[in-house]
file protein.pdb (PDB, C-alpha atoms)
ATOM      1  CA  MET N  27     -17.464 -22.352 -12.522
ATOM      2  CA  LYS N  28     -18.377 -26.056 -12.582
ATOM      3  CA  GLU N  29     -16.142 -26.770 -15.577
ATOM      4  CA  TYR N  30     -13.135 -24.999 -14.026
ATOM      5  CA  ILE N  31     -13.447 -26.781 -10.657
ATOM      6  CA  GLU N  32     -13.839 -30.176 -12.341
ATOM      7  CA  ASN N  33     -10.825 -29.561 -14.575
ATOM      8  CA  VAL N  34      -8.652 -28.638 -11.593
ATOM      9  CA  LEU N  35      -9.876 -31.417  -9.288
ATOM     10  CA  HIS N  36     -10.083 -34.036 -12.079
ATOM     11  CA  GLN N  37     -13.430 -35.267 -10.798
ATOM     12  CA  SER N  38     -17.117 -34.553 -11.269
ATOM     13  CA  ILE N  39     -19.018 -32.247  -8.953
ATOM     14  CA  ARG N  40     -22.684 -31.278  -8.667
ATOM     15  CA  LEU N  41     -23.606 -27.627  -8.497
ATOM     16  CA  LEU N  42     -27.204 -26.914  -7.499
ATOM     17  CA  PRO N  43     -29.116 -23.688  -6.757
ATOM     18  CA  TYR N  44     -29.276 -22.833  -3.055
ATOM     19  CA  GLU N  45     -32.959 -23.045  -2.135
ATOM     20  CA  ASP N  46     -32.920 -21.736   1.455
ATOM     21  CA  LYS N  47     -32.150 -18.079   0.803
ATOM     22  CA  ASN N  48     -34.879 -17.100   3.259
ATOM     23  CA  LYS N  49     -32.424 -18.081   6.013
ATOM     24  CA  LEU N  50     -30.193 -15.202   4.963
ATOM     25  CA  PRO N  51     -30.516 -11.454   5.620
ATOM     26  CA  LEU N  52     -31.814  -9.493   2.648
ATOM     27  CA  SER N  53     -28.508  -7.617   2.325
ATOM     28  CA  TYR N  54     -26.598 -10.894   1.872
ATOM     29  CA  ARG N  55     -29.004 -12.004  -0.855
ATOM     30  CA  GLY N  56     -28.257  -8.782  -2.702
ATOM     31  CA  LEU N  57     -24.465  -9.124  -2.365
ATOM     32  CA  PHE N  58     -23.963 -12.777  -3.407
ATOM     33  CA  GLU N  59     -25.160 -15.493  -5.731
ATOM     34  CA  PHE N  60     -25.413 -18.886  -3.992
ATOM     35  CA  TRP N  61     -25.075 -22.550  -4.964
ATOM     36  CA  VAL N  62     -24.711 -25.849  -3.147
ATOM     37  CA  MET N  63     -21.669 -27.845  -4.281
ATOM     38  CA  LEU N  64     -21.571 -31.615  -3.766
ATOM     39  CA  ILE N  65     -18.085 -33.072  -3.961
ATOM     40  CA  GLN N  66     -16.768 -36.399  -2.648
ATOM     41  CA  GLU N  67     -20.014 -36.927  -0.715
ATOM     42  CA  GLN N  68     -19.620 -33.565   1.025
ATOM     43  CA  GLU N  69     -21.857 -30.526   0.689
ATOM     44  CA  CYS N  70     -20.783 -26.906   0.944
ATOM     45  CA  LEU N  71     -22.205 -23.501   0.131
ATOM     46  CA  VAL N  72     -20.614 -21.541  -2.727
ATOM     47  CA  ALA N  73     -20.976 -17.750  -2.433
ATOM     48  CA  ALA N  74     -20.033 -15.587  -5.419
ATOM     49  CA  PRO N  75     -19.901 -11.811  -4.774
ATOM     50  CA  LYS N  76     -21.830  -9.774  -7.331
ATOM     51  CA  GLU N  77     -19.362  -6.881  -6.937
ATOM     52  CA  ASN N  78     -15.931  -6.256  -5.382
ATOM     53  CA  ILE N  79     -15.966  -6.651  -1.592
ATOM     54  CA  ASN N  80     -13.001  -5.655   0.572
ATOM     55  CA  LEU N  81     -11.132  -8.134   2.747
ATOM     56  CA  ALA N  82     -12.597  -7.037   6.079
ATOM     57  CA  HIS N  83     -16.166  -7.491   4.822
ATOM     58  CA  LEU N  84     -15.359 -10.807   3.098
ATOM     59  CA  ARG N  85     -14.122 -12.182   6.438
ATOM     60  CA  LYS N  86     -17.320 -11.065   8.166
ATOM     61  CA  TYR N  87     -19.674 -12.329   5.460
ATOM     62  CA  HIS N  88     -17.918 -15.699   5.188
ATOM     63  CA  LYS N  89     -18.186 -16.338   8.923
ATOM     64  CA  GLN N  90     -21.830 -15.249   9.079
ATOM     65  CA  LEU N  91     -22.815 -17.326   6.042
ATOM     66  CA  GLU N  92     -21.486 -20.458   7.714
ATOM     67  CA  ILE N  93     -23.490 -19.611  10.846
ATOM     68  CA  TYR N  94     -26.706 -18.796   8.960
ATOM     69  CA  THR N  95     -26.608 -21.882   6.702
ATOM     70  CA  GLY N  96     -24.844 -24.422   8.906
ATOM     71  CA  ARG N  97     -22.589 -25.339   5.961
ATOM     72  CA  ARG N  98     -18.999 -24.859   4.993
ATOM     73  CA  CYS N  99     -18.811 -21.750   2.816
ATOM     74  CA  VAL N 100     -16.537 -21.459  -0.227
ATOM     75  CA  LEU N 101     -16.002 -18.023  -1.775
ATOM     76  CA  PHE N 102     -16.044 -17.981  -5.572
ATOM     77  CA  LEU N 103     -13.909 -15.024  -6.710
ATOM     78  CA  GLN N 104     -13.140 -13.890 -10.237
ATOM     79  CA  ASN N 105     -11.192 -10.664  -9.613
ATOM     80  CA  MET N 106      -8.672 -11.124  -6.842
ATOM     81  CA  ASN N 107      -5.162  -9.903  -5.992
ATOM     82  CA  TYR N 108      -2.365 -11.990  -4.517
ATOM     83  CA  TYR N 109      -2.462 -10.202  -1.182
ATOM     84  CA  LEU N 110      -6.110 -11.248  -0.747
ATOM     85  CA  ARG N 111      -5.271 -14.778  -1.950
ATOM     86  CA  ASP N 112      -2.447 -15.153   0.564
ATOM     87  CA  THR N 113      -4.540 -13.737   3.419
ATOM     88  CA  LEU N 114      -7.371 -16.202   2.726
ATOM     89  CA  LEU N 115      -4.832 -19.052   2.658
ATOM     90  CA  MET N 116      -3.269 -17.898   5.922
ATOM     91  CA  GLU N 117      -6.667 -17.623   7.624
ATOM     92  CA  GLY N 118      -7.990 -20.924   6.254
ATOM     93  CA  ILE N 119     -10.929 -19.395   4.352
ATOM     94  CA  PRO N 120     -11.965 -21.692   1.451
ATOM     95  CA  PHE N 121     -12.115 -20.146  -2.005
ATOM     96  CA  VAL N 122     -12.123 -20.801  -5.722
ATOM     97  CA  TRP N 123     -10.213 -18.218  -7.735
ATOM     98  CA  GLU N 124     -11.431 -18.808 -11.250
ATOM     99  CA  GLY N 125      -8.605 -19.645 -13.624
ATOM    100  CA  HIS N 126      -6.006 -19.677 -10.837
ATOM    101  CA  GLN N 127      -6.588 -21.751  -7.725
ATOM    102  CA  VAL N 128      -8.907 -23.991  -5.710
ATOM    103  CA  TYR N 129      -8.500 -24.008  -1.917
ATOM    104  CA  LEU N 130     -10.776 -26.334   0.084
ATOM    105  CA  PRO N 131      -8.996 -26.866   3.420
ATOM    106  CA  PHE N 132     -11.868 -28.926   4.883
ATOM    107  CA  MET N 133     -11.082 -31.475   2.162
ATOM    108  CA  GLY N 134      -7.313 -31.042   2.213
ATOM    109  CA  VAL N 135      -7.323 -29.525  -1.283
ATOM    110  CA  LEU N 136      -4.944 -26.771  -2.450
ATOM    111  CA  LEU N 137      -4.386 -26.765  -6.196
ATOM    112  CA  ASP N 138      -2.738 -24.052  -8.291
ATOM    113  CA  SER N 139      -2.960 -23.403 -11.993
ATOM    114  CA  ASN N 140      -0.830 -20.243 -11.680
ATOM    115  CA  GLN N 141       2.010 -20.491  -9.175
ATOM    116  CA  ARG N 142       3.375 -17.365  -7.517
ATOM    117  CA  LYS N 143       5.566 -16.562  -4.547
ATOM    118  CA  ILE N 144       3.830 -15.835  -1.257
ATOM    119  CA  VAL N 145       3.280 -12.099  -0.811
ATOM    120  CA  PRO N 146       3.953 -10.901   2.754
ATOM    121  CA  VAL N 147       1.021  -9.527   4.721
ATOM    122  CA  CYS N 148       1.029  -5.743   4.471
ATOM    123  CA  THR N 149       1.411  -4.150   7.917
ATOM    124  CA  GLN N 150       2.619  -0.720   6.779
ATOM    125  CA  ILE N 151       3.177   1.100   3.538
ATOM    126  CA  SER N 152       6.550   0.537   1.885
ATOM    127  CA  PHE N 153       8.767   3.450   0.984
ATOM    128  CA  LEU N 154       8.533   2.626  -2.732
ATOM    129  CA  THR N 155       4.722   2.737  -2.576
ATOM    130  CA  GLN N 156       4.922   6.002  -0.652
ATOM    131  CA  LYS N 157       7.275   7.465  -3.257
ATOM    132  CA  LEU N 158       4.937   6.289  -6.033
ATOM    133  CA  LEU N 159       1.917   7.970  -4.413
ATOM    134  CA  LEU N 160       3.724  11.262  -3.790
ATOM    135  CA  GLN N 161       5.054  11.261  -7.347
ATOM    136  CA  ALA N 162       1.492  10.650  -8.547
ATOM    137  CA  ILE N 163       0.300  13.728  -6.661
ATOM    138  CA  TYR N 164       3.045  15.950  -8.053
ATOM    139  CA  GLN N 165       2.558  14.776 -11.641
ATOM    140  CA  ASN N 166      -1.257  14.413 -11.635
ATOM    141  CA  TRP N 167      -1.160  10.776 -12.708
ATOM    142  CA  ASN N 168      -4.262   9.604 -14.544
ATOM    143  CA  LYS N 169      -4.929   6.043 -15.739
ATOM    144  CA  ILE N 170      -1.321   5.026 -15.116
ATOM    145  CA  THR N 171      -0.686   1.301 -15.627
ATOM    146  CA  VAL N 172       2.010  -0.843 -14.029
ATOM    147  CA  THR N 173       4.150  -0.532 -17.161
ATOM    148  CA  LYS N 174       3.834   3.248 -17.308
ATOM    149  CA  ALA N 175       4.477   3.679 -13.564
ATOM    150  CA  ALA N 176       7.583   1.494 -13.790
ATOM    151  CA  ALA N 177       8.936   3.719 -16.568
ATOM    152  CA  LEU N 178       8.136   6.926 -14.665
ATOM    153  CA  LEU N 179       9.827   5.668 -11.482
ATOM    154  CA  ASP N 180      12.652   3.851 -13.319
ATOM    155  CA  VAL N 181      11.980   0.592 -11.474
ATOM    156  CA  THR N 182      10.859  -2.870 -12.576
ATOM    157  CA  LYS N 183       7.247  -3.760 -13.345
ATOM    158  CA  THR N 184       7.475  -6.404 -10.621
ATOM    159  CA  SER N 185       8.245  -3.695  -8.060
ATOM    160  CA  VAL N 186       5.276  -1.588  -9.168
ATOM    161  CA  THR N 187       3.010  -4.647  -9.159
ATOM    162  CA  ARG N 188       3.904  -5.112  -5.488
ATOM    163  CA  CYS N 189       3.060  -1.441  -4.879
ATOM    164  CA  PHE N 190      -0.317  -1.852  -6.569
ATOM    165  CA  ASP N 191      -0.984  -5.019  -4.517
ATOM    166  CA  GLU N 192      -0.107  -3.081  -1.386
ATOM    167  CA  MET N 193      -2.402  -0.197  -2.303
ATOM    168  CA  GLU N 194      -5.227  -2.623  -3.001
ATOM    169  CA  ALA N 195      -4.617  -4.399   0.315
ATOM    170  CA  LEU N 196      -4.739  -1.074   2.154
ATOM    171  CA  GLU N 197      -7.920  -0.235   0.202
ATOM    172  CA  LEU N 198      -6.582   3.075  -1.071
ATOM    173  CA  PRO N 199      -9.267   4.563  -3.345
ATOM    174  CA  TYR N 200      -6.992   5.460  -6.266
ATOM    175  CA  LEU N 201      -6.554   2.077  -7.935
ATOM    176  CA  PHE N 202      -9.087   1.081 -10.582
ATOM    177  CA  LYS N 203      -9.492  -2.212 -12.427
ATOM    178  CA  LYS N 204      -9.791  -2.247 -16.194
ATOM    179  CA  GLY N 205     -10.296  -5.812 -17.324
ATOM    180  CA  ARG N 206      -7.351  -7.784 -15.974
ATOM    181  CA  SER N 207      -5.156  -4.707 -15.525
ATOM    182  CA  ARG N 208      -5.139  -1.964 -12.898
ATOM    183  CA  GLU N 209      -4.708   1.779 -13.311
ATOM    184  CA  LEU N 210      -3.750   4.491 -10.838
ATOM    185  CA  SER N 211      -5.598   7.804 -11.060
ATOM    186  CA  CYS N 212      -5.302  10.788  -8.724
ATOM    187  CA  GLU N 213      -7.943  13.157  -7.443
ATOM    188  CA  ALA N 214      -8.139  16.568  -9.076
ATOM    189  CA  ASN N 215      -8.098  17.999  -5.549
ATOM    190  CA  LYS N 216      -4.518  17.291  -4.443
ATOM    191  CA  PHE N 217      -5.143  18.556  -0.926
ATOM    192  CA  HIS N 218      -8.019  16.128  -0.401
ATOM    193  CA  MET N 219      -5.937  13.228  -1.734
ATOM    194  CA  TRP N 220      -3.096  14.181   0.627
ATOM    195  CA  GLU N 221      -5.521  14.248   3.566
ATOM    196  CA  THR N 222      -6.894  10.823   2.576
ATOM    197  CA  LEU N 223      -3.396   9.312   2.394
ATOM    198  CA  GLN N 224      -2.115  10.842   5.655
ATOM    199  CA  PRO N 225      -3.042   7.887   7.930
ATOM    200  CA  PHE N 226      -1.085   5.494   5.698
ATOM    201  CA  LEU N 227       2.093   7.505   5.088
ATOM    202  CA  ARG N 228       5.281   7.092   7.129
ATOM    203  CA  ASN N 229       7.960   9.405   8.432
ATOM    204  CA  PRO N 230      10.708   8.824   5.829
ATOM    205  CA  VAL N 231      13.577   9.518   8.256
ATOM    206  CA  LEU N 232      15.351   6.234   9.051
ATOM    207  CA  ALA N 233      18.136   7.734  11.156
ATOM    208  CA  THR N 234      19.516  11.106  12.234
ATOM    209  CA  VAL N 235      23.224  11.833  12.757
ATOM    210  CA  MET N 236      24.585  15.025  14.358
ATOM    211  CA  LEU N 237      28.093  16.071  13.314
ATOM    212  CA  ARG N 238      30.606  18.471  14.800
ATOM    213  CA  LYS N 239      31.277  20.172  11.455
ATOM    214  CA  PRO N 240      29.458  20.656   8.133
ATOM    215  CA  VAL N 241      30.163  18.033   5.466
ATOM    216  CA  SER N 242      31.944  18.866   2.225
ATOM    217  CA  GLU N 243      29.594  16.719   0.080
ATOM    218  CA  ARG N 244      26.821  18.551  -1.731
ATOM    219  CA  LEU N 245      23.610  17.115  -0.297
ATOM    220  CA  PRO N 246      19.980  18.304  -0.559
ATOM    221  CA  LEU N 247      18.467  20.245   2.314
ATOM    222  CA  SER N 248      16.140  18.304   4.578
ATOM    223  CA  GLY N 249      13.979  18.820   7.668
ATOM    224  CA  ILE N 250      13.774  22.387   8.966
ATOM    225  CA  SER N 251      16.433  23.561   6.508
ATOM    226  CA  ALA N 252      14.300  22.387   3.577
ATOM    227  CA  LEU N 253      11.185  23.923   5.111
ATOM    228  CA  SER N 254      13.057  27.215   5.502
ATOM    229  CA  HIS N 255      14.075  27.003   1.833
ATOM    230  CA  TYR N 256      10.427  26.673   0.781
ATOM    231  CA  SER N 257       8.939  29.229   3.221
ATOM    232  CA  MET N 258       9.713  32.287   5.346
ATOM    233  CA  LEU N 259      10.649  30.163   8.386
ATOM    234  CA  GLN N 260      14.038  30.961   9.883
ATOM    235  CA  ASN N 261      16.500  28.108   9.590
ATOM    236  CA  ASP N 262      18.187  26.398  12.528
ATOM    237  CA  PRO N 263      21.743  27.573  13.374
ATOM    238  CA  TYR N 264      23.013  24.487  11.529
ATOM    239  CA  PRO N 265      22.011  22.895   8.194
ATOM    240  CA  THR N 266      20.002  19.672   8.004
ATOM    241  CA  LEU N 267      20.868  17.575   4.948
ATOM    242  CA  ALA N 268      19.529  14.349   3.433
ATOM    243  CA  VAL N 269      21.070  11.109   2.264
ATOM    244  CA  THR N 270      19.259   7.975   1.089
ATOM    245  CA  LYS N 271      19.913   4.298   1.641
ATOM    246  CA  LYS N 272      21.666   4.241  -1.731
ATOM    247  CA  ASN N 273      24.126   7.092  -1.152
ATOM    248  CA  HIS N 274      24.645   7.184   2.622
ATOM    249  CA  SER N 275      28.011   5.471   2.081
ATOM    250  CA  VAL N 276      29.401   8.859   0.966
ATOM    251  CA  LEU N 277      29.607   9.631   4.672
ATOM    252  CA  THR N 278      32.334   7.626   6.352
ATOM    253  CA  LEU N 279      32.108   8.858   9.909
ATOM    254  CA  SER N 280      34.319   8.230  12.886
ATOM    255  CA  ASP N 281      33.213   8.731  16.491
ATOM    256  CA  ASN N 282      35.206  11.951  16.875
ATOM    257  CA  GLU N 283      33.201  13.493  14.013
ATOM    258  CA  LEU N 284      29.921  13.115  15.906
ATOM    259  CA  SER N 285      28.581  16.017  17.919
ATOM    260  CA  PRO N 286      28.502  15.387  21.695
ATOM    261  CA  ALA N 287      25.078  15.300  23.312
ATOM    262  CA  GLY N 288      23.941  18.730  24.486
ATOM    263  CA  GLU N 289      26.149  20.683  22.086
ATOM    264  CA  VAL N 290      24.894  22.569  19.040
ATOM    265  CA  PRO N 291      25.952  20.485  16.030
ATOM    266  CA  GLY N 292      27.692  21.861  12.981
ATOM    267  CA  CYS N 293      25.465  19.791  10.712
ATOM    268  CA  VAL N 294      22.625  17.250  10.918
ATOM    269  CA  ILE N 295      22.273  14.373   8.449
ATOM    270  CA  GLN N 296      18.935  12.623   7.937
ATOM    271  CA  LYS N 297      18.942   9.231   6.255
ATOM    272  CA  LEU N 298      15.727   8.938   4.191
ATOM    273  CA  GLY N 299      13.966   5.844   2.898
ATOM    274  CA  TYR N 300      13.520   7.323  -0.582
ATOM    275  CA  GLN N 301      14.221  10.460  -2.594
ATOM    276  CA  ILE N 302      12.043  12.258  -5.146
ATOM    277  CA  CYS N 303      13.537  14.596  -7.717
ATOM    278  CA  PHE N 304      11.903  17.977  -7.225
ATOM    279  CA  GLY N 305      12.627  21.410  -8.661
ATOM    280  CA  ASN N 306      16.319  22.228  -8.852
ATOM    281  CA  GLY N 307      17.262  19.549  -6.359
ATOM    282  CA  ILE N 308      18.444  21.972  -3.675
ATOM    283  CA  ALA N 309      15.979  20.540  -1.145
ATOM    284  CA  VAL N 310      13.969  17.382  -0.493
ATOM    285  CA  ASP N 311      10.485  17.536  -2.040
ATOM    286  CA  PRO N 312       7.835  19.423   0.019
ATOM    287  CA  LEU N 313       5.537  16.481   0.842
ATOM    288  CA  THR N 314       8.485  14.461   2.144
ATOM    289  CA  VAL N 315       9.596  17.484   4.175
ATOM    290  CA  ALA N 316       6.149  17.640   5.793
ATOM    291  CA  LEU N 317       6.282  13.916   6.602
ATOM    292  CA  SER N 318       9.812  14.117   8.043
ATOM    293  CA  LEU N 319       8.937  16.524  10.855
ATOM    294  CA  THR N 320       8.726  15.249  14.422
ATOM    295  CA  GLU N 321       5.471  15.472  16.403
ATOM    296  CA  GLU N 322       7.023  18.213  18.530
ATOM    297  CA  GLN N 323       7.896  20.222  15.419
ATOM    298  CA  LYS N 324       4.412  19.754  13.927
ATOM    299  CA  HIS N 325       2.842  21.268  17.048
ATOM    300  CA  ASP N 326       5.016  24.403  16.830
ATOM    301  CA  PRO N 327       2.695  27.121  15.405
ATOM    302  CA  ARG N 328       5.534  28.743  13.414
ATOM    303  CA  ILE N 329       6.449  25.441  11.772
ATOM    304  CA  ALA N 330       2.823  24.469  11.121
ATOM    305  CA  LYS N 331       2.261  27.811   9.382
ATOM    306  CA  ALA N 332       5.416  27.350   7.298
ATOM    307  CA  VAL N 333       4.270  23.863   6.214
ATOM    308  CA  ASP N 334       0.930  25.301   5.050
ATOM    309  CA  GLU N 335       2.768  28.044   3.121
ATOM    310  CA  MET N 336       5.112  25.534   1.502
ATOM    311  CA  LEU N 337       2.387  23.127   0.372
ATOM    312  CA  GLU N 338       0.138  25.943  -0.862
ATOM    313  CA  GLU N 339       2.974  27.412  -2.926
ATOM    314  CA  TYR N 340       4.639  24.285  -4.301
ATOM    315  CA  VAL N 341       2.033  21.485  -4.318
ATOM    316  CA  TRP N 342      -1.612  22.526  -4.330
TER     317      TRP N 342
END

call {"tool": "encode", "arguments": {"input": "protein.pdb", "output": "structure tokens"}}
result
Amino acid sequence: MKEYIENVLHQSIRLLPYEDKNKLPLSYRGLFEFWVMLIQEQECLVAAPKENINLAHLRKYHKQLEIYTGRRCVLFLQNMNYYLRDTLLMEGIPFVWEGHQVYLPFMGVLLDSNQRKIVPVCTQISFLTQKLLLQAIYQNWNKITVTKAAALLDVTKTSVTRCFDEMEALELPYLFKKGRSRELSCEANKFHMWETLQPFLRNPVLATVMLRKPVSERLPLSGISALSHYSMLQNDPYPTLAVTKKNHSVLTLSDNELSPAGEVPGCVIQKLGYQICFGNGIAVDPLTVALSLTEEQKHDPRIAKAVDEMLEEYVW
């Protein structure tokens, strides 16, 4: 630690054991190792977690350590993702990321040894991450690296790295560190994994268009039509079909092709944020079908029963 900080700052520092641990709660003494760092005639506390601690707890511990000790507290972190790095920068929490960066805002110091673009704060799961997780459930992924996931999804490793960062930021319990790399592994119990992910997953329907007449293009079934395909539920009087952001241009619609409000449409088109190849391709995959239903539809006992039948038959 001392050697790395001195090499980055190009100046000598003193790193001494912290002698006043009795000021700290016993739980904190078990979670961190502590030193006092003297630099440019300033003293600060250095706290190094003994194990991985999530962002919410790091915030809490950092604030409390400054209160308990009356010193500026610098977190010394060895394993850290860029989402956590950017959040600490945004919130002004001092840290040393060994081998990467030193951030001491109370001294006006921000030095990088590994530059990277700023990663946006994660406020909701992206559609690519959602697609990755659903694909993982279907295919029982185990110890899948960034490189392997990129090949399976036919996307770049950079895109999957962002997905892994997002999963780590959301603290999803399916990402495991192996040295400097990360691996995605699913639960054997698919139903339990699905239940765990539910609070994070989004309705994939970006827009819904009602048309006077059915379209001539061959499109996969979506919504209630897809659910009817996978279960004994009776379909609506009109088909519901899916397009994605990539292929929605196949529909060039004029106003007179849209169904007037209050009339039964000839066809409904749902624009989805992603598409997963499933079965023979006749319908959108079952997990996406379940996510695409409206709250009103989910509370319909017939539809709820059909969803259970579909997932039991095709996923679990």

call {"tool": "atom_distance", "arguments": {"input": "protein.pdb", "atom1": "CA of Leu110 (chain N)", "atom2": "CA of Lys216 (chain N)"}}
result
28.8 Å

call {"tool": "resolve_selection", "arguments": {"input": "protein.pdb", "expression": "the PyMOL selection byres ((chain N and resi 258) around 10)", "output": "number ranges by chain"}}
result
N: 253-257, 259-261, 328-329, 331-332, 335-336

call {"tool": "write_last_selection", "arguments": {"input": "protein.pdb", "atoms": "C-alpha atoms", "output": "CSV table (one decimal), keeping the file's coordinate frame"}}
result
chain,number,residue,atom,x,y,z
N,253,LEU,CA,11.2,23.9,5.1
N,254,SER,CA,13.1,27.2,5.5
N,255,HIS,CA,14.1,27.0,1.8
N,256,TYR,CA,10.4,26.7,0.8
N,257,SER,CA,8.9,29.2,3.2
N,259,LEU,CA,10.6,30.2,8.4
N,260,GLN,CA,14.0,31.0,9.9
N,261,ASN,CA,16.5,28.1,9.6
N,328,ARG,CA,5.5,28.7,13.4
N,329,ILE,CA,6.4,25.4,11.8
N,331,LYS,CA,2.3,27.8,9.4
N,332,ALA,CA,5.4,27.4,7.3
N,335,GLU,CA,2.8,28.0,3.1
N,336,MET,CA,5.1,25.5,1.5

call {"tool": "closest_residue", "arguments": {"input": "protein.pdb", "among": "N:Met106, N:Ile31, N:Cys189, N:Met133", "to": "Gly118 (chain N)", "atoms": "only C-alpha atoms"}}
result
N:Met133

call {"tool": "atom_distance", "arguments": {"input": "protein.pdb", "atom1": "CA of Phe58 (chain N)", "atom2": "CA of Ile39 (chain N)"}}
result
20.8 Å

call {"tool": "resolve_selection", "arguments": {"input": "protein.pdb", "expression": "the PyMOL selection byres ((chain N and resi 38) around 10)", "output": "ChimeraX atom specification"}}
result
/N:28-29,31-33,35-37,39-41,64-66

call {"tool": "atom_distance", "arguments": {"input": "protein.pdb", "atom1": "CA of Phe217 (chain N)", "atom2": "CA of Asp326 (chain N)"}}
result
21.3 Å

call {"tool": "residues_near_point", "arguments": {"input": "protein.pdb", "point": "(-27.2, -23.0, 10.1)", "cutoff": "12 Å", "atoms": "all atoms listed in the file", "output": "list of chain:residue names"}}
result
N:Asp46, N:Lys47, N:Asn48, N:Lys49, N:Leu50, N:Cys70, N:Leu71, N:Lys89, N:Gln90, N:Leu91, N:Glu92, N:Ile93, N:Tyr94, N:Thr95, N:Gly96, N:Arg97, N:Arg98, N:Cys99

call {"tool": "residues_around", "arguments": {"input": "protein.pdb", "residues": "Pro120 (chain N)", "least_positions_apart": "4", "cutoff": "9 Å", "atoms": "only C-alpha atoms", "output": "PDB file with C-alpha atoms, keeping the file's coordinate frame"}}
result
ATOM      1  CA  ARG N  98     -18.999 -24.859   4.993  1.00  0.00           C
ATOM      2  CA  CYS N  99     -18.811 -21.750   2.816  1.00  0.00           C
ATOM      3  CA  VAL N 100     -16.537 -21.459  -0.227  1.00  0.00           C
ATOM      4  CA  LEU N 101     -16.002 -18.023  -1.775  1.00  0.00           C
ATOM      5  CA  PHE N 102     -16.044 -17.981  -5.572  1.00  0.00           C
ATOM      6  CA  LEU N 114      -7.371 -16.202   2.726  1.00  0.00           C
ATOM      7  CA  LEU N 115      -4.832 -19.052   2.658  1.00  0.00           C
ATOM      8  CA  VAL N 128      -8.907 -23.991  -5.710  1.00  0.00           C
ATOM      9  CA  TYR N 129      -8.500 -24.008  -1.917  1.00  0.00           C
ATOM     10  CA  LEU N 130     -10.776 -26.334   0.084  1.00  0.00           C
ATOM     11  CA  PRO N 131      -8.996 -26.866   3.420  1.00  0.00           C
ATOM     12  CA  PHE N 132     -11.868 -28.926   4.883  1.00  0.00           C
TER      13      PHE N 132
END

call {"tool": "closest_residue", "arguments": {"input": "protein.pdb", "among": "N:Leu267, N:Met236, N:Gly307, N:Phe60", "to": "Ala287 (chain N)", "atoms": "all atoms listed in the file"}}
result
N:Met236

call {"tool": "closest_residue", "arguments": {"input": "protein.pdb", "among": "N:Asn168, N:Arg228, N:Pro240, N:Asn78", "to": "Ser318 (chain N)", "atoms": "all atoms listed in the file"}}
result
N:Arg228

call {"tool": "residues_around", "arguments": {"input": "protein.pdb", "residues": "region 175-179 of chain N", "least_positions_apart": "6", "cutoff": "10 Å", "atoms": "all atoms listed in the file", "output": "JSON, numbers by chain"}}
result
{"N": [154, 157, 158, 161, 162, 167, 169, 185, 186, 187, 209, 210, 302]}

call {"tool": "write_last_selection", "arguments": {"input": "protein.pdb", "atoms": "C-alpha atoms", "output": "short mmCIF file (atom, residue, chain, number, x, y, z; two decimals), in the frame of the given file"}}
result
data_model
loop_
_atom_site.label_atom_id
_atom_site.label_comp_id
_atom_site.auth_asym_id
_atom_site.auth_seq_id
_atom_site.Cartn_x
_atom_site.Cartn_y
_atom_site.Cartn_z
CA LEU N 154 8.53 2.63 -2.73
CA LYS N 157 7.28 7.46 -3.26
CA LEU N 158 4.94 6.29 -6.03
CA GLN N 161 5.05 11.26 -7.35
CA ALA N 162 1.49 10.65 -8.55
CA TRP N 167 -1.16 10.78 -12.71
CA LYS N 169 -4.93 6.04 -15.74
CA SER N 185 8.24 -3.70 -8.06
CA VAL N 186 5.28 -1.59 -9.17
CA THR N 187 3.01 -4.65 -9.16
CA GLU N 209 -4.71 1.78 -13.31
CA LEU N 210 -3.75 4.49 -10.84
CA ILE N 302 12.04 12.26 -5.15
#

call {"tool": "decode", "arguments": {"input": "protein.pdb", "residues": "region 158-170 of chain N", "atoms": "C-alpha atoms", "output": "mmCIF file, in the first residue's frame"}}
result
data_model
loop_
_atom_site.group_PDB
_atom_site.id
_atom_site.type_symbol
_atom_site.label_atom_id
_atom_site.label_comp_id
_atom_site.auth_asym_id
_atom_site.auth_seq_id
_atom_site.Cartn_x
_atom_site.Cartn_y
_atom_site.Cartn_z
ATOM 1 C CA LEU N 158 -28.298 -11.785 -20.604
ATOM 2 C CA LEU N 159 -29.912 -12.881 -17.324
ATOM 3 C CA LEU N 160 -32.909 -14.513 -19.012
ATOM 4 C CA GLN N 161 -30.619 -16.295 -21.462
ATOM 5 C CA ALA N 162 -28.573 -17.498 -18.484
ATOM 6 C CA ILE N 163 -31.692 -19.004 -16.916
ATOM 7 C CA TYR N 164 -32.732 -20.790 -20.100
ATOM 8 C CA GLN N 165 -29.258 -22.186 -20.782
ATOM 9 C CA ASN N 166 -28.193 -22.920 -17.174
ATOM 10 C CA TRP N 167 -25.061 -20.793 -17.404
ATOM 11 C CA ASN N 168 -22.287 -21.832 -15.038
ATOM 12 C CA LYS N 169 -18.949 -20.039 -14.597
ATOM 13 C CA ILE N 170 -19.523 -17.942 -17.715
#
